[in-house]
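Okay, structure37.txt is below, compact mmCIF, C-alpha atoms:
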```txt
# COMPACT_ATOMS: atom_id res chain seq x y z
CA MET N 1 0.00 0.00 0.00
CA SER N 2 1.11 3.57 -0.54
CA SER N 3 2.38 5.44 2.50
CA PHE N 4 -0.39 6.80 4.72
CA ASN N 5 0.20 10.56 4.95
CA GLY N 6 3.57 10.27 3.21
CA GLU N 7 5.75 13.37 3.35
CA SER N 8 6.30 13.40 -0.42
CA MET N 9 5.51 11.52 -3.60
CA ASP N 10 9.04 10.13 -3.46
CA ASP N 11 8.09 8.41 -0.23
CA PHE N 12 5.24 6.71 -2.06
CA LYS N 13 7.47 5.18 -4.72
CA GLY N 14 8.99 2.51 -2.51
CA LEU N 15 5.60 1.52 -1.19
CA ARG N 16 3.43 1.83 -4.27
CA ILE N 17 1.42 -1.23 -5.21
CA THR N 18 2.32 -3.58 -8.04
CA GLN N 19 -0.17 -5.51 -10.10
CA LEU N 20 -1.00 -9.11 -9.30
CA ASP N 21 1.27 -11.82 -10.67
CA ASP N 22 0.17 -13.04 -14.07
CA ASP N 23 0.89 -16.65 -13.16
CA ASP N 24 -1.58 -16.63 -10.27
CA ASP N 25 -2.76 -20.13 -9.47
CA GLU N 26 -6.44 -20.78 -10.07
CA GLU N 27 -8.27 -21.29 -6.79
CA THR N 28 -10.92 -23.97 -6.64
CA ALA N 29 -14.37 -22.48 -6.16
CA VAL N 30 -16.09 -23.57 -2.98
CA GLU N 31 -19.56 -23.18 -1.57
CA PRO N 32 -19.84 -20.88 1.46
CA THR N 33 -21.74 -23.51 3.42
CA ASN N 34 -18.94 -26.09 3.17
CA MET N 35 -17.08 -25.17 6.33
CA ASP N 36 -14.58 -28.03 6.03
CA GLU N 37 -13.16 -26.59 2.83
CA PHE N 38 -12.93 -23.12 4.36
CA ASP N 39 -11.07 -24.61 7.32
CA ASP N 40 -8.52 -26.17 4.98
CA ASP N 41 -7.85 -22.72 3.52
CA ASP N 42 -7.37 -21.32 7.00
CA GLU N 43 -4.81 -23.99 7.86
CA GLU N 44 -2.80 -23.05 4.79
CA ASP N 45 -3.01 -19.37 5.73
CA ASP N 46 -1.70 -20.18 9.20
CA GLU N 47 1.46 -21.61 7.69
CA ASP N 48 2.27 -18.78 5.31
CA TYR N 49 0.90 -15.26 5.77
CA GLU N 50 1.02 -12.73 2.97
CA PRO N 51 2.49 -9.32 3.93
CA VAL N 52 -0.17 -7.00 5.33
CA MET N 53 -0.21 -3.25 5.96
CA LEU N 54 -2.22 -2.20 8.99
CA GLY N 55 -4.17 1.05 9.15
CA PHE N 56 -4.55 3.14 12.31
CA VAL N 57 -6.47 6.36 12.88
CA GLU N 58 -5.33 9.60 14.45
CA SER N 59 -6.68 13.14 14.57
CA PRO N 60 -5.50 15.45 11.76
CA LYS N 61 -2.38 17.40 12.75
CA PHE N 62 -3.17 20.38 10.51
CA THR N 63 -6.31 21.90 9.01
CA TRP N 64 -4.92 21.10 5.57
CA SER N 65 -3.98 17.46 6.31
CA ASN N 66 -7.14 16.11 4.71
CA LEU N 67 -7.25 18.16 1.51
CA ARG N 68 -7.54 16.27 -1.75
CA GLN N 69 -4.33 17.66 -3.27
CA LEU N 70 -2.38 15.75 -0.60
CA PHE N 71 -3.97 12.41 -1.60
CA PRO N 72 -4.93 11.63 2.00
CA ASN N 73 -6.10 8.44 3.69
CA LEU N 74 -9.18 9.30 5.72
CA ALA N 75 -11.81 7.76 7.97
CA GLY N 76 -15.02 9.53 8.93
CA GLY N 77 -15.91 13.13 8.17
CA VAL N 78 -16.18 13.83 4.45
CA PRO N 79 -14.26 12.40 1.48
CA ALA N 80 -11.46 14.16 -0.37
CA TRP N 81 -12.53 13.23 -3.89
CA LEU N 82 -9.68 12.29 -6.26
CA ASP N 83 -11.59 13.41 -9.35
CA PRO N 84 -13.31 16.44 -7.81
CA VAL N 85 -15.63 17.11 -10.75
CA ASN N 86 -17.11 13.86 -12.07
CA LEU N 87 -18.50 12.51 -8.79
CA PRO N 88 -20.82 9.52 -8.39
CA SER N 89 -24.41 10.61 -8.87
CA GLY N 90 -27.99 9.42 -9.16
CA LYS N 91 -28.94 6.18 -7.45
CA SER N 92 -25.32 5.15 -6.99
CA ILE N 93 -25.01 7.52 -4.00
CA LEU N 94 -28.10 6.09 -2.28
CA CYS N 95 -28.63 3.12 -0.02
CA ASP N 96 -30.62 0.85 -2.30
CA LEU N 97 -32.80 -0.24 0.61
CA CYS N 98 -33.93 3.00 2.31
CA GLU N 99 -33.01 5.21 -0.68
CA GLU N 100 -31.23 7.79 1.47
CA PRO N 101 -27.72 9.13 0.71
CA MET N 102 -24.96 6.92 2.12
CA GLN N 103 -22.42 8.14 4.65
CA PHE N 104 -18.66 8.28 4.11
CA VAL N 105 -16.67 5.58 5.95
CA LEU N 106 -13.11 5.85 4.65
CA GLN N 107 -10.80 6.29 1.67
CA LEU N 108 -7.44 4.75 0.81
CA TYR N 109 -4.83 6.15 -1.54
CA ALA N 110 -3.52 3.02 -3.28
CA PRO N 111 -1.69 3.81 -6.55
CA LEU N 112 -0.17 1.14 -8.81
CA THR N 113 3.44 1.36 -9.97
CA ASP N 114 3.08 -0.50 -13.25
CA LYS N 115 -0.06 1.18 -14.57
CA GLU N 116 0.30 4.75 -15.81
CA SER N 117 -3.44 5.39 -15.72
CA ALA N 118 -3.42 4.49 -12.00
CA PHE N 119 -0.53 6.72 -10.95
CA HIS N 120 -3.09 8.22 -8.57
CA ARG N 121 -5.66 5.71 -7.32
CA THR N 122 -8.07 5.99 -4.39
CA LEU N 123 -10.75 3.67 -3.05
CA PHE N 124 -13.82 5.16 -1.32
CA LEU N 125 -16.11 3.22 1.04
CA PHE N 126 -19.64 4.35 1.93
CA MET N 127 -22.47 2.80 3.87
CA CYS N 128 -25.91 3.51 5.23
CA PRO N 129 -25.71 4.09 9.02
CA SER N 130 -28.88 2.04 9.55
CA MET N 131 -28.31 -1.42 11.05
CA SER N 132 -31.68 -2.47 9.69
CA CYS N 133 -30.47 -1.76 6.15
CA LEU N 134 -27.19 -3.58 6.82
CA LEU N 135 -29.06 -6.71 7.92
CA ARG N 136 -31.11 -6.63 4.72
CA ASP N 137 -27.93 -5.92 2.73
CA GLN N 138 -26.40 -9.11 4.09
CA HIS N 139 -29.24 -11.17 2.66
CA GLU N 140 -28.89 -9.41 -0.69
CA GLN N 141 -25.17 -10.13 -1.02
CA TRP N 142 -25.80 -13.89 -0.97
CA LYS N 143 -27.89 -13.70 -4.13
CA ARG N 144 -25.96 -15.07 -7.08
CA ALA N 145 -25.62 -12.46 -9.83
CA PRO N 146 -28.84 -10.60 -8.97
CA GLU N 147 -30.38 -8.61 -11.78
CA LYS N 148 -30.35 -5.58 -9.49
CA ALA N 149 -28.22 -5.80 -6.36
CA MET N 150 -29.79 -4.01 -3.39
CA ARG N 151 -26.91 -2.84 -1.19
CA SER N 152 -26.44 -0.50 1.75
CA THR N 153 -22.64 -0.59 1.48
CA LYS N 154 -20.74 0.48 -1.64
CA VAL N 155 -17.14 1.05 -2.68
CA PHE N 156 -15.87 3.17 -5.58
CA ARG N 157 -12.48 3.17 -7.31
CA CYS N 158 -11.06 6.29 -8.98
CA GLN N 159 -7.71 6.55 -10.76
CA LEU N 160 -5.82 9.20 -12.70
CA PRO N 161 -2.55 9.36 -14.67
CA ARG N 162 0.27 11.52 -13.37
CA VAL N 163 -0.57 14.23 -15.89
CA ASN N 164 -4.21 15.12 -15.34
CA PRO N 165 -6.46 18.22 -15.20
CA PHE N 166 -6.72 18.31 -11.42
CA TYR N 167 -3.24 18.08 -9.87
CA SER N 168 0.34 19.07 -10.48
CA SER N 169 2.67 16.33 -11.70
CA GLU N 170 5.10 17.43 -8.98
CA ALA N 171 5.03 15.95 -5.49
CA PRO N 172 3.12 17.94 -2.87
CA LYS N 173 5.19 19.84 -0.31
CA HIS N 174 2.94 19.08 2.66
CA ASP N 175 3.49 22.52 4.18
CA GLY N 176 0.02 24.00 3.73
CA THR N 177 0.80 25.72 0.41
CA ASP N 178 -0.19 22.89 -1.96
CA LYS N 179 -3.10 23.64 -4.25
CA PRO N 180 -4.95 21.64 -6.91
CA LEU N 181 -5.21 22.98 -10.45
CA GLY N 182 -8.82 24.10 -10.12
CA ASP N 183 -12.07 24.04 -8.19
CA GLY N 184 -14.09 20.92 -7.65
CA ALA N 185 -17.82 20.43 -8.06
CA PRO N 186 -19.99 22.18 -5.46
CA LEU N 187 -20.91 19.77 -2.68
CA CYS N 188 -24.01 19.26 -0.57
CA THR N 189 -24.20 21.90 2.17
CA TRP N 190 -25.67 19.36 4.58
CA CYS N 191 -23.40 16.30 4.22
CA GLY N 192 -20.38 17.74 2.35
CA THR N 193 -20.06 14.39 0.61
CA TRP N 194 -22.05 14.23 -2.61
CA LYS N 195 -22.45 16.70 -5.46
CA GLY N 196 -24.82 19.54 -4.58
CA ASP N 197 -26.79 19.70 -7.81
CA LYS N 198 -29.99 21.01 -6.16
CA LEU N 199 -29.91 24.73 -5.37
CA CYS N 200 -31.93 26.37 -2.60
CA SER N 201 -34.52 28.52 -4.42
CA GLY N 202 -34.44 31.11 -1.61
CA CYS N 203 -30.82 32.05 -0.96
CA LYS N 204 -29.47 30.41 -4.12
CA SER N 205 -26.37 29.60 -2.09
CA ALA N 206 -27.02 26.35 -0.22
CA ARG N 207 -26.77 23.24 -2.35
CA TYR N 208 -28.00 19.72 -1.74
CA CYS N 209 -27.49 16.21 -3.04
CA SER N 210 -31.06 15.19 -2.24
CA GLN N 211 -34.43 16.49 -1.08
CA LYS N 212 -33.87 14.55 2.16
CA HIS N 213 -30.81 16.61 3.06
CA GLN N 214 -32.47 19.85 2.00
CA ALA N 215 -35.41 19.12 4.32
CA LEU N 216 -33.12 18.22 7.21
CA HIS N 217 -31.11 21.43 6.82
CA TRP N 218 -34.25 23.54 6.57
CA ARG N 219 -35.65 22.15 9.81
CA LEU N 220 -32.34 22.42 11.66
CA GLY N 221 -31.40 26.01 10.94
CA HIS N 222 -31.39 26.93 7.27
CA LYS N 223 -34.87 28.42 7.46
CA THR N 224 -33.41 31.34 9.43
CA GLU N 225 -30.05 31.32 7.69
CA CYS N 226 -31.68 31.41 4.26
CA GLN N 227 -33.25 34.82 4.87
CA GLN N 228 -29.94 36.18 6.14
CA LEU N 229 -28.11 34.91 3.07
CA ARG N 230 -30.72 36.41 0.77
CA THR N 231 -30.09 39.79 2.35
CA VAL N 232 -26.33 39.44 1.93
CA ILE N 233 -26.65 38.40 -1.71
CA GLU N 234 -29.08 41.20 -2.56
CA THR N 235 -26.71 43.82 -1.13
CA SER N 236 -23.50 42.36 -2.57
CA GLU N 237 -21.93 43.73 -5.72
CA SER N 238 -21.87 40.44 -7.58
CA GLY N 239 -25.31 39.33 -6.48
CA ARG N 240 -24.15 35.77 -6.03
CA VAL N 241 -22.06 33.57 -3.80
CA ASN N 242 -19.29 31.36 -5.14
CA ASN N 243 -20.38 27.73 -4.73
CA GLY N 244 -17.14 26.15 -5.89
CA VAL N 245 -15.09 24.10 -3.44
CA ALA N 246 -12.27 26.18 -1.96
CA LEU N 247 -8.72 25.26 -2.92
CA THR N 248 -7.05 25.54 0.48
CA GLN N 249 -9.83 24.72 2.93
CA LYS N 250 -12.71 22.31 3.29
CA GLN N 251 -16.33 23.29 2.89
CA LYS N 252 -18.23 23.78 6.14
CA VAL N 253 -20.73 20.98 6.67
CA ALA N 254 -24.06 21.55 8.41
CA SER N 255 -24.76 17.94 9.48
CA LYS N 256 -23.72 16.94 13.01
CA SER N 257 -24.31 13.23 12.44
CA LEU N 258 -21.20 12.45 10.37
CA TRP N 259 -18.66 10.10 11.90
CA LYS N 260 -15.70 11.77 13.57
CA GLU N 261 -12.93 12.61 11.12
CA PHE N 262 -9.52 10.94 11.28
CA VAL N 263 -6.50 10.56 9.07
CA MET N 264 -5.05 7.09 8.67
CA ILE N 265 -1.45 6.04 9.06
CA ASN N 266 0.01 2.66 8.17
CA GLU N 267 2.45 0.17 9.62
CA ASP N 268 3.72 -3.15 8.33
CA GLU N 269 2.18 -5.96 10.37
CA SER N 270 5.57 -7.66 10.59
CA GLU N 271 6.75 -4.83 12.84
CA TYR N 272 4.41 -6.15 15.51
CA ASP N 273 5.80 -9.69 15.46
CA THR N 274 8.23 -8.86 18.24
CA GLU N 275 7.28 -7.68 21.71
CA MET N 276 7.49 -3.94 22.32
CA SER N 277 10.37 -2.91 24.53
CA GLY N 278 9.86 -0.97 27.75
CA ASP N 279 10.95 2.24 26.01
CA ASP N 280 8.09 1.92 23.54
CA GLU N 281 5.48 1.98 26.27
CA ILE N 282 5.62 5.78 26.38
CA ALA N 283 3.06 5.86 23.55
CA LYS N 284 -0.17 4.93 25.32
CA PRO N 285 -2.90 3.38 23.16
CA LEU N 286 -6.25 5.07 22.73
CA VAL N 287 -7.99 1.77 23.47
CA SER N 288 -6.75 -0.21 26.45
CA LYS N 289 -5.96 -3.89 26.00
CA ARG N 290 -8.51 -4.68 28.69
CA GLU N 291 -11.26 -2.87 26.79
CA VAL N 292 -10.45 -4.77 23.60
CA ASP N 293 -10.25 -8.12 25.40
CA ASP N 294 -13.58 -7.58 27.16
CA GLN N 295 -15.32 -6.61 23.92
CA MET N 296 -13.89 -9.53 21.98
CA LYS N 297 -14.62 -12.16 24.66
CA SER N 298 -18.22 -11.05 24.98
CA LEU N 299 -18.78 -11.97 21.32
CA MET N 300 -18.00 -15.65 21.93
CA ASN N 301 -21.54 -16.15 23.22
CA ASP N 302 -22.88 -15.38 19.73
CA PHE N 303 -20.90 -18.11 17.98
CA GLU N 304 -22.19 -21.56 17.19
CA GLY N 305 -20.05 -24.61 16.47
CA ASP N 306 -16.35 -25.36 16.57
CA ALA N 307 -15.62 -23.80 13.15
CA ASP N 308 -16.62 -20.31 14.33
CA LYS N 309 -14.62 -20.67 17.55
CA LYS N 310 -11.53 -21.95 15.75
CA THR N 311 -11.64 -19.05 13.28
CA TRP N 312 -12.24 -16.58 16.09
CA VAL N 313 -9.19 -17.82 18.01
CA ASN N 314 -7.03 -17.36 14.89
CA PHE N 315 -8.49 -13.89 14.37
CA GLN N 316 -7.88 -12.95 18.00
CA GLN N 317 -4.27 -14.10 17.94
CA ARG N 318 -3.55 -12.12 14.79
CA VAL N 319 -5.29 -8.92 15.86
CA ALA N 320 -3.85 -9.00 19.40
CA LYS N 321 -0.48 -7.91 17.97
CA ALA N 322 -1.96 -4.48 17.17
CA PRO N 323 -5.44 -4.23 18.73
CA GLU N 324 -6.08 -0.68 17.49
CA GLN N 325 -5.86 -1.59 13.82
CA VAL N 326 -8.92 -0.46 11.88
CA LEU N 327 -7.83 -1.72 8.47
CA ARG N 328 -5.83 -4.53 6.87
CA TYR N 329 -4.46 -4.08 3.35
CA SER N 330 -2.79 -6.58 1.03
CA ARG N 331 -3.10 -6.71 -2.74
CA SER N 332 -0.49 -9.44 -3.24
CA SER N 333 -1.52 -12.41 -5.37
CA GLY N 334 -2.11 -14.81 -2.48
CA ALA N 335 -3.72 -12.34 -0.09
CA LYS N 336 -6.94 -13.29 1.67
CA PRO N 337 -9.07 -11.58 4.31
CA LEU N 338 -8.64 -12.38 7.98
CA TRP N 339 -12.13 -13.63 8.79
CA PRO N 340 -13.37 -13.22 12.38
CA ILE N 341 -15.82 -16.14 12.06
CA ALA N 342 -16.17 -19.11 9.74
CA SER N 343 -19.81 -18.61 8.78
CA GLY N 344 -20.83 -15.86 6.39
CA ARG N 345 -17.63 -15.82 4.33
CA VAL N 346 -17.55 -15.37 0.58
CA SER N 347 -15.86 -17.89 -1.69
CA LYS N 348 -14.30 -17.13 -5.05
CA SER N 349 -17.39 -18.45 -6.82
CA GLU N 350 -19.50 -15.76 -5.15
CA LEU N 351 -17.31 -12.88 -6.35
CA PRO N 352 -18.87 -11.08 -9.33
CA ASN N 353 -16.56 -10.05 -12.14
CA CYS N 354 -15.70 -6.42 -12.77
CA LYS N 355 -18.65 -4.57 -14.26
CA SER N 356 -16.41 -2.53 -16.56
CA CYS N 357 -14.04 -5.09 -18.12
CA GLY N 358 -15.60 -8.41 -17.13
CA GLY N 359 -12.34 -9.56 -15.54
CA PRO N 360 -11.91 -11.16 -12.11
CA ARG N 361 -11.72 -9.28 -8.85
CA CYS N 362 -9.19 -9.75 -6.06
CA PHE N 363 -9.08 -9.01 -2.35
CA GLU N 364 -7.62 -5.58 -1.56
CA PHE N 365 -8.51 -4.53 1.97
CA GLN N 366 -10.80 -5.12 4.92
CA VAL N 367 -12.23 -2.83 7.57
CA MET N 368 -12.03 -4.03 11.15
CA PRO N 369 -14.82 -3.65 13.74
CA GLN N 370 -12.47 -1.51 15.86
CA LEU N 371 -13.29 1.44 13.60
CA LEU N 372 -16.73 1.58 15.19
CA PHE N 373 -15.11 2.32 18.56
CA PHE N 374 -13.37 5.40 17.15
CA PHE N 375 -16.59 6.46 15.42
CA GLY N 376 -18.32 6.42 18.81
CA GLY N 377 -20.54 3.43 18.04
CA LYS N 378 -22.96 2.28 20.70
CA ASN N 379 -23.25 -1.26 22.00
CA ASP N 380 -26.96 -1.88 21.60
CA ARG N 381 -29.09 -4.03 19.34
CA ASP N 382 -30.03 -1.33 16.83
CA SER N 383 -26.58 0.25 16.50
CA LEU N 384 -24.42 -0.29 13.44
CA ASP N 385 -22.10 -3.29 13.84
CA TRP N 386 -20.07 -5.65 11.69
CA ALA N 387 -17.49 -8.42 12.04
CA THR N 388 -15.54 -7.19 9.03
CA ILE N 389 -16.10 -5.38 5.73
CA VAL N 390 -14.09 -6.89 2.87
CA VAL N 391 -13.42 -5.06 -0.39
CA TYR N 392 -12.60 -6.76 -3.69
CA THR N 393 -11.45 -4.73 -6.70
CA CYS N 394 -10.79 -5.33 -10.37
CA GLU N 395 -7.62 -7.42 -10.68
CA ASN N 396 -6.49 -5.30 -13.64
CA SER N 397 -7.69 -2.01 -12.12
CA CYS N 398 -9.24 -1.37 -15.52
CA ASP N 399 -10.03 1.99 -17.07
CA SER N 400 -13.49 3.02 -18.22
CA SER N 401 -15.48 6.07 -19.18
CA LEU N 402 -16.72 6.40 -15.59
CA SER N 403 -14.47 8.32 -13.21
CA TYR N 404 -15.75 6.28 -10.26
CA LYS N 405 -16.12 2.57 -10.84
CA GLU N 406 -18.17 0.61 -8.32
CA GLU N 407 -16.33 -2.41 -6.93
CA PHE N 408 -17.56 -5.26 -4.73
CA VAL N 409 -17.88 -5.18 -0.96
CA TRP N 410 -18.76 -8.12 1.30
CA VAL N 411 -20.08 -7.54 4.83
CA GLN N 412 -19.72 -10.24 7.49
CA LEU N 413 -21.84 -9.89 10.61
CA TYR N 414 -21.19 -11.58 13.93
CA SER N 415 -24.62 -13.20 14.02
CA GLN N 416 -25.93 -14.76 10.84
CA THR N 417 -29.48 -14.75 12.17
CA THR N 418 -31.71 -11.72 11.75
```

Now, as a test, write the supplied structure out as structure tokens.
Amino acid sequence: MSSFNGESMDDFKGLRITQLDDDDDEETAVEPTNMDEFDDDDEEDDEDYEPVMLGFVESPKFTWSNLRQLFPNLAGGVPAWLDPVNLPSGKSILCDLCEEPMQFVLQLYAPLTDKESAFHRTLFLFMCPSMSCLLRDQHEQWKRAPEKAMRSTKVFRCQLPRVNPFYSSEAPKHDGTDKPLGDGAPLCTWCGTWKGDKLCSGCKSARYCSQKHQALHWRLGHKTECQQLRTVIETSESGRVNNGVALTQKQKVASKSLWKEFVMINEDESEYDTEMSGDDEIAKPLVSKREVDDQMKSLMNDFEGDADKKTWVNFQQRVAKAPEQVLRYSRSSGAKPLWPIASGRVSKSELPNCKSCGGPRCFEFQVMPQLLFFFGGKNDRDSLDWATIVVYTCENSCDSSLSYKEEFVWVQLYSQTT
């Protein structure tokens, strides 16, 4: 994976991702209900792990740390769109189940060294914050090649060549002076996430991605603000307010329900294979080991059968090396997800081919349940929860006419009963 919050593009070069090996062995397709075959795969994984980069969250150090021209890795808050103009639109931004705009989860800057068109490459994950929709989504994902997939979780891939209309071909300086080559599309005043293609008819300043967000903003303050803005606009010389996205600062967002914003940093998992020395204990973790252990052990009551328990033990042992990890990344040819439980996993036969080129997809990264802790998730029945979220992307990282290509995401829940 590329360096999280690297100091320069030169830093990225040694860590940029290479394409999958062409001589990849064909994996035998298995049914998800055949737990014995899944267990065999796990035993092989135990013997030989593929290299994995771990993602951790921290608060932004500077106000400009999360701007798009720095190609950031983010979790929570709002996305820093790679292509700032040709954003996803229409039904693709909605939860297919409740038909409300999805919320930003995270983005990863993951360029490829051997593909010029993917010199810049970012993956964006979104989901509906409703647990009810996620439970229904889980049923939908088991349908084989549905005519119309109904999902509450979606992932988009965007890539650009080094020479492009939006960014300099030179490495950013990371000193607060970096600027993109132009403005991006105006964004929704409420969520700051999706394109604001609906203009408030009163102030002609506030923009919205949907009628839902316009109604929410109106009820929660814009009704008063709108009249004030109309007065300002009527008395201004230009008679209008610039709705373009600022180059050196982020747009102010009205919604208070977005997940807390973090930047992500990365570490090689192998660095955690040895015990930390006493000197390293100065850096105190945000989550105590006791808290993690208590949360993990409490989940054992939900598991049924030896297969789930065996997989859980393997998961626990692996994660215990770095309990604050929120993400695991590995695009190497033999990489596989680290499943928390045996049931509810996807096999290769369940993976749909790329919608753009028709080629196969491969595992790229997974989101850990620890991210919910940093997002302030609650521990009750109706709160959002997952065992892991696994993202598969086009093996060739193909190009298409769409700036944002939808990839495949698989959600595993702790309990398979709803």

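Reported to one decimal place, the separation of CA of Gln103 in chain N from CA of Met264 in chain N is 17.9 Å.
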
Do you know which residues are at most 8 Å from Thr311 in chain N counting all atoms listed in the file, after dropping those on the same chain fewer than 4 positions away, and could you put them as a PDB file with C-alpha atoms, keeping the file's coordinate frame?
```pdb
ATOM      1  CA  ASP N  42      -7.370 -21.320   7.000  1.00  0.00           C
ATOM      2  CA  ALA N 307     -15.620 -23.800  13.150  1.00  0.00           C
ATOM      3  CA  PHE N 315      -8.490 -13.890  14.370  1.00  0.00           C
ATOM      4  CA  TRP N 339     -12.130 -13.630   8.790  1.00  0.00           C
ATOM      5  CA  PRO N 340     -13.370 -13.220  12.380  1.00  0.00           C
ATOM      6  CA  ILE N 341     -15.820 -16.140  12.060  1.00  0.00           C
ATOM      7  CA  ALA N 342     -16.170 -19.110   9.740  1.00  0.00           C
TER       8      ALA N 342
END
```

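Using only C-alpha atoms, the shortest contact distance between Asp114 in chain N and any of N:Pro72, N:Pro186, N:Pro161, N:Pro101 is found at N:Pro161.
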
For a quick check of your reading of the model, name the residues lying within 7 Å of the coordinate (-18.9, -6.3, -3.8), counting only C-alpha atoms, and write them as a ChimeraX atom specification. /N:391-392,407-410

Selection file, C-alpha atoms, as a PDB file, in the frame of the given file:
```
ATOM      1  CA  VAL N 391     -13.420  -5.060  -0.390  1.00  0.00           C
ATOM      2  CA  TYR N 392     -12.600  -6.760  -3.690  1.00  0.00           C
ATOM      3  CA  GLU N 407     -16.330  -2.410  -6.930  1.00  0.00           C
ATOM      4  CA  PHE N 408     -17.560  -5.260  -4.730  1.00  0.00           C
ATOM      5  CA  VAL N 409     -17.880  -5.180  -0.960  1.00  0.00           C
ATOM      6  CA  TRP N 410     -18.760  -8.120   1.300  1.00  0.00           C
TER       7      TRP N 410
END
```

- Quick one: residues within 10 Å of range 216-232 of chain N, only C-alpha atoms counted, chain neighbours fewer than 6 positions away excluded, as number ranges by chain? N: 189-191, 200-206, 208, 239-241, 254-255

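Here the question is which of N:Leu112, N:Val346, N:Val85, N:Cys354 gets nearest to Ile389 in chain N using all atoms listed in the file, and that residue is N:Val346.
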
With all atoms listed in the file as the counted atoms, please give the residues lying no more than 12 Å from Ser257 in chain N, apart from itself and same-chain residues fewer than 4 positions off, as number ranges by chain. N: 76-78, 103-104, 129, 190-192, 213, 216, 253, 261, 375-377

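Distances from N:Ala80, N:Ala110, N:Cys133, N:Ala75 to Val326 in chain N were compared using only C-alpha atoms, and the smallest one belongs to N:Ala75.
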
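Near (-33.7, -10.9, 2.1), the residues that fall inside 12 Å on the basis of all atoms listed in the file are Leu97, Ser132, Cys133, Leu134, Leu135, Arg136, Asp137, Gln138, His139, Glu140, Gln141, Trp142, Lys143, Ala149, Met150, Arg151, Thr417 and Thr418 of chain N.
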
For the residues in the current selection, export C-alpha atoms as an mmCIF file, keeping the file's coordinate frame.
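New file out_33.cif:
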```cif
data_model
loop_
_atom_site.group_PDB
_atom_site.id
_atom_site.type_symbol
_atom_site.label_atom_id
_atom_site.label_comp_id
_atom_site.auth_asym_id
_atom_site.auth_seq_id
_atom_site.Cartn_x
_atom_site.Cartn_y
_atom_site.Cartn_z
ATOM 1 C CA LEU N 97 -32.800 -0.240 0.610
ATOM 2 C CA SER N 132 -31.680 -2.470 9.690
ATOM 3 C CA CYS N 133 -30.470 -1.760 6.150
ATOM 4 C CA LEU N 134 -27.190 -3.580 6.820
ATOM 5 C CA LEU N 135 -29.060 -6.710 7.920
ATOM 6 C CA ARG N 136 -31.110 -6.630 4.720
ATOM 7 C CA ASP N 137 -27.930 -5.920 2.730
ATOM 8 C CA GLN N 138 -26.400 -9.110 4.090
ATOM 9 C CA HIS N 139 -29.240 -11.170 2.660
ATOM 10 C CA GLU N 140 -28.890 -9.410 -0.690
ATOM 11 C CA GLN N 141 -25.170 -10.130 -1.020
ATOM 12 C CA TRP N 142 -25.800 -13.890 -0.970
ATOM 13 C CA LYS N 143 -27.890 -13.700 -4.130
ATOM 14 C CA ALA N 149 -28.220 -5.800 -6.360
ATOM 15 C CA MET N 150 -29.790 -4.010 -3.390
ATOM 16 C CA ARG N 151 -26.910 -2.840 -1.190
ATOM 17 C CA THR N 417 -29.480 -14.750 12.170
ATOM 18 C CA THR N 418 -31.710 -11.720 11.750
#
```

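What separates CA of Ser403 in chain N from CA of Leu82 in chain N is a distance of 9.3 Å.
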
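Pairwise distance (CA of Val390 in chain N, CA of Leu327 in chain N) equals 9.9 Å.
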
Determine, using all atoms listed in the file, which residues of range 120-217 of chain N have any atom at most 8 Å from an atom of range 88-94 of chain N, and tabulate each with its shortest atom pair and distance in Å to one decimal place, rows ordered by chain and then rising number, as CSV.
```
residue,atom,partner,partner_atom,distance
N:Ser152,CA,N:Leu94,CA,7.9
N:Trp194,CA,N:Ile93,CA,7.5
N:Lys195,CA,N:Ser89,CA,7.2
```

Against range 172-184 of chain N, which residues of range 53-137 of chain N fall within 12 Å? For each one I want the closest pair of atoms and the distance in Å (one decimal), counting all atoms listed in the file, rows by chain and increasing residue number, as a tab-separated table.
```
residue	atom	partner	partner_atom	distance
N:Lys61	CA	N:Gly176	CA	11.4
N:Phe62	CA	N:Gly176	CA	8.3
N:Thr63	CA	N:Gly176	CA	8.5
N:Trp64	CA	N:Gly176	CA	6.0
N:Ser65	CA	N:His174	CA	8.0
N:Asn66	CA	N:Gly176	CA	10.7
N:Leu67	CA	N:Lys179	CA	9.0
N:Arg68	CA	N:Pro180	CA	7.9
N:Gln69	CA	N:Pro180	CA	5.4
N:Leu70	CA	N:Pro172	CA	6.3
N:Phe71	CA	N:Pro172	CA	9.1
N:Pro72	CA	N:His174	CA	10.9
N:Ala80	CA	N:Gly184	CA	10.3
N:Trp81	CA	N:Gly184	CA	8.7
N:Leu82	CA	N:Gly184	CA	9.8
N:Asp83	CA	N:Gly184	CA	8.1
N:Pro84	CA	N:Gly184	CA	4.6
N:Val85	CA	N:Gly184	CA	5.1
N:Asn86	CA	N:Gly184	CA	8.9
N:Leu87	CA	N:Gly184	CA	9.6
```

Can those selected residues be exported to a file as a short mmCIF file (atom, residue, chain, number, x, y, z; two decimals), in the coordinates of the input so that it contains C-alpha atoms?
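Full text of result-v8.cif as output:
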```cif
data_model
loop_
_atom_site.label_atom_id
_atom_site.label_comp_id
_atom_site.auth_asym_id
_atom_site.auth_seq_id
_atom_site.Cartn_x
_atom_site.Cartn_y
_atom_site.Cartn_z
CA LYS N 61 -2.38 17.40 12.75
CA PHE N 62 -3.17 20.38 10.51
CA THR N 63 -6.31 21.90 9.01
CA TRP N 64 -4.92 21.10 5.57
CA SER N 65 -3.98 17.46 6.31
CA ASN N 66 -7.14 16.11 4.71
CA LEU N 67 -7.25 18.16 1.51
CA ARG N 68 -7.54 16.27 -1.75
CA GLN N 69 -4.33 17.66 -3.27
CA LEU N 70 -2.38 15.75 -0.60
CA PHE N 71 -3.97 12.41 -1.60
CA PRO N 72 -4.93 11.63 2.00
CA ALA N 80 -11.46 14.16 -0.37
CA TRP N 81 -12.53 13.23 -3.89
CA LEU N 82 -9.68 12.29 -6.26
CA ASP N 83 -11.59 13.41 -9.35
CA PRO N 84 -13.31 16.44 -7.81
CA VAL N 85 -15.63 17.11 -10.75
CA ASN N 86 -17.11 13.86 -12.07
CA LEU N 87 -18.50 12.51 -8.79
#
```
